[in-house]
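*Asks:* The structure is given below, and queries will be raised subsequently.
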Amino acid sequence: MIPTAKSEIRKAALARRAALSSGARQAAADLVAAQGLALARRCSAASAALYLPMRGELDCLPLMRLLAEAGVTTGAPAMAAPGAPLLFRVWRPGDATAEGRHGVREPSPDAAPFFPALVFAPLAAFDRVGRRIGYGGGYYDRTLA
């Protein structure tokens, strides 16, 4: 995909997401919570990283709560340095956050780092074979590679 097309797809996807009703957003968060917990159980995952939602992203905090209640170690990403892969730190709903690069909420720098068995990544769009389009910074691409 050429960069211009990718940028246009991202812009259109974010506009569609912004137009979703609060009811549609809640229904999606509930569905992802149920399916995400089922996935973690099928994989016997002891740990999972989820993002702290921003800019109208799917609210994955209900999933994080269910995972934590099920005994799964949960965490969220932190940007270690520009151009570097993400670092995951232990975090549960209610824990302190800090403002990271680009104004993104992150776990406190004092939170323990961990290597998650599952990663739930944010996205702007995806295609029929599961390739994702994020916000263009490449952080998750570098991390998942």
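For the structure tokens, the naming scheme is as follows: chains receive sequential letters (A, B, ...) according to their order of presentation, residues are indexed from 1 within each chain, and ligands are indexed from 1 in presentation order.
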Might you pull out every residue within 9 Å of Ala48 (chain A), with only C-alpha atoms counted and same-chain residues fewer than 6 positions away left off, and present them as a count of residues only?
*Replies:* 14
*Asks:* List the spatial neighbours of Pro109 (chain A) as an NGL selection string - criterion: any atom at most 9 Å away, only C-alpha atoms, same-chain residues fewer than 4 positions off excluded.
*Replies:* :A and (78 or 89 or 97-98)
*Asks:* Would you write out, as CSV, a table of all residues in region 45-114 of chain A that have an atom no more than 7 Å from an atom of region 17-30 of chain A, listing for each the closest atom pair and the distance in Å to one decimal, considering only C-alpha atoms and ordering rows by chain and rising residue number?
*Replies:*
```
residue,atom,partner,partner_atom,distance
A:Gly56,CA,A:Ala18,CA,6.4
A:Leu58,CA,A:Ala29,CA,6.2
A:Asp59,CA,A:Ala29,CA,5.6
A:Cys60,CA,A:Ala29,CA,6.2
A:Pro62,CA,A:Ala29,CA,6.9
```
*Asks:* How about saving the chosen residues, N, CA, C and O atoms kept, as a compact mmCIF listing (two decimals), in the first residue's frame?
*Replies:*
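out33.txt, written as the output of this step:
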```txt
# COMPACT_ATOMS: atom_id res chain seq x y z
N GLY A 56 -10.91 8.23 21.29
CA GLY A 56 -12.06 7.46 20.82
C GLY A 56 -11.78 5.99 20.57
O GLY A 56 -12.60 5.30 19.99
N LEU A 58 -11.36 1.96 21.19
CA LEU A 58 -12.16 0.99 21.92
C LEU A 58 -11.70 0.97 23.38
O LEU A 58 -10.49 0.94 23.65
N ASP A 59 -12.64 1.00 24.29
CA ASP A 59 -12.31 0.96 25.72
C ASP A 59 -12.00 -0.48 26.11
O ASP A 59 -12.90 -1.31 26.23
N CYS A 60 -10.73 -0.78 26.31
CA CYS A 60 -10.33 -2.13 26.68
C CYS A 60 -10.21 -2.29 28.19
O CYS A 60 -9.81 -3.36 28.67
N PRO A 62 -12.65 -2.60 30.43
CA PRO A 62 -13.48 -3.70 30.93
C PRO A 62 -12.79 -5.06 30.76
O PRO A 62 -12.86 -5.90 31.66
```
*Asks:* Which residue gives the smallest distance to Ala33 (chain A) among A:Tyr140, A:Ala145, A:Ala68, A:Ile9, with only C-alpha atoms counted?
*Replies:*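 Counting only C-alpha atoms, the residue closest to Ala33 (chain A) is A:Ala68.
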*Asks:* Choose the residue, out of A:Met54, A:Leu39, A:Asp110, A:Arg105, that has the smallest atom-to-atom separation from Ala124 (chain A); count only C-alpha atoms.
*Replies:*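 Residue with the minimum atom-to-atom distance to Ala124 (chain A): A:Met54.
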*Asks:* Measuring atom to atom with only C-alpha atoms, identify which of A:Leu123, A:Ala5, A:Cys43, A:Val129 is nearest to Asp141 (chain A).
*Replies:* A:Leu123
*Asks:* I need the strand (DSSP E or B) residues of region 1-105 of chain A per DSSP on the backbone, written as an MDAnalysis selection string.
*Replies:* chainID A and resid 47:49 73:79 86:90 97:99 105
*Asks:* From the set A:Leu144, A:Ala38, A:Leu87, A:Ala125, which residue has the shortest atom-to-atom contact distance to Ser7 (chain A), counting only C-alpha atoms?
*Replies:*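 Distance minimum relative to Ser7 (chain A) lands on A:Ala125.
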*Asks:* If you run DSSP on the backbone here, which positions in region 15-131 of chain A get alpha helix (DSSP H)? Please write them as a count of residues only.
*Replies:* 34
*Asks:* Using only C-alpha atoms, which of A:Tyr51, A:Thr143, A:Ala84, A:Tyr135 sits nearest Pro107 (chain A)?
*Replies:*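 Residue with the minimum atom-to-atom distance to Pro107 (chain A): A:Tyr51.
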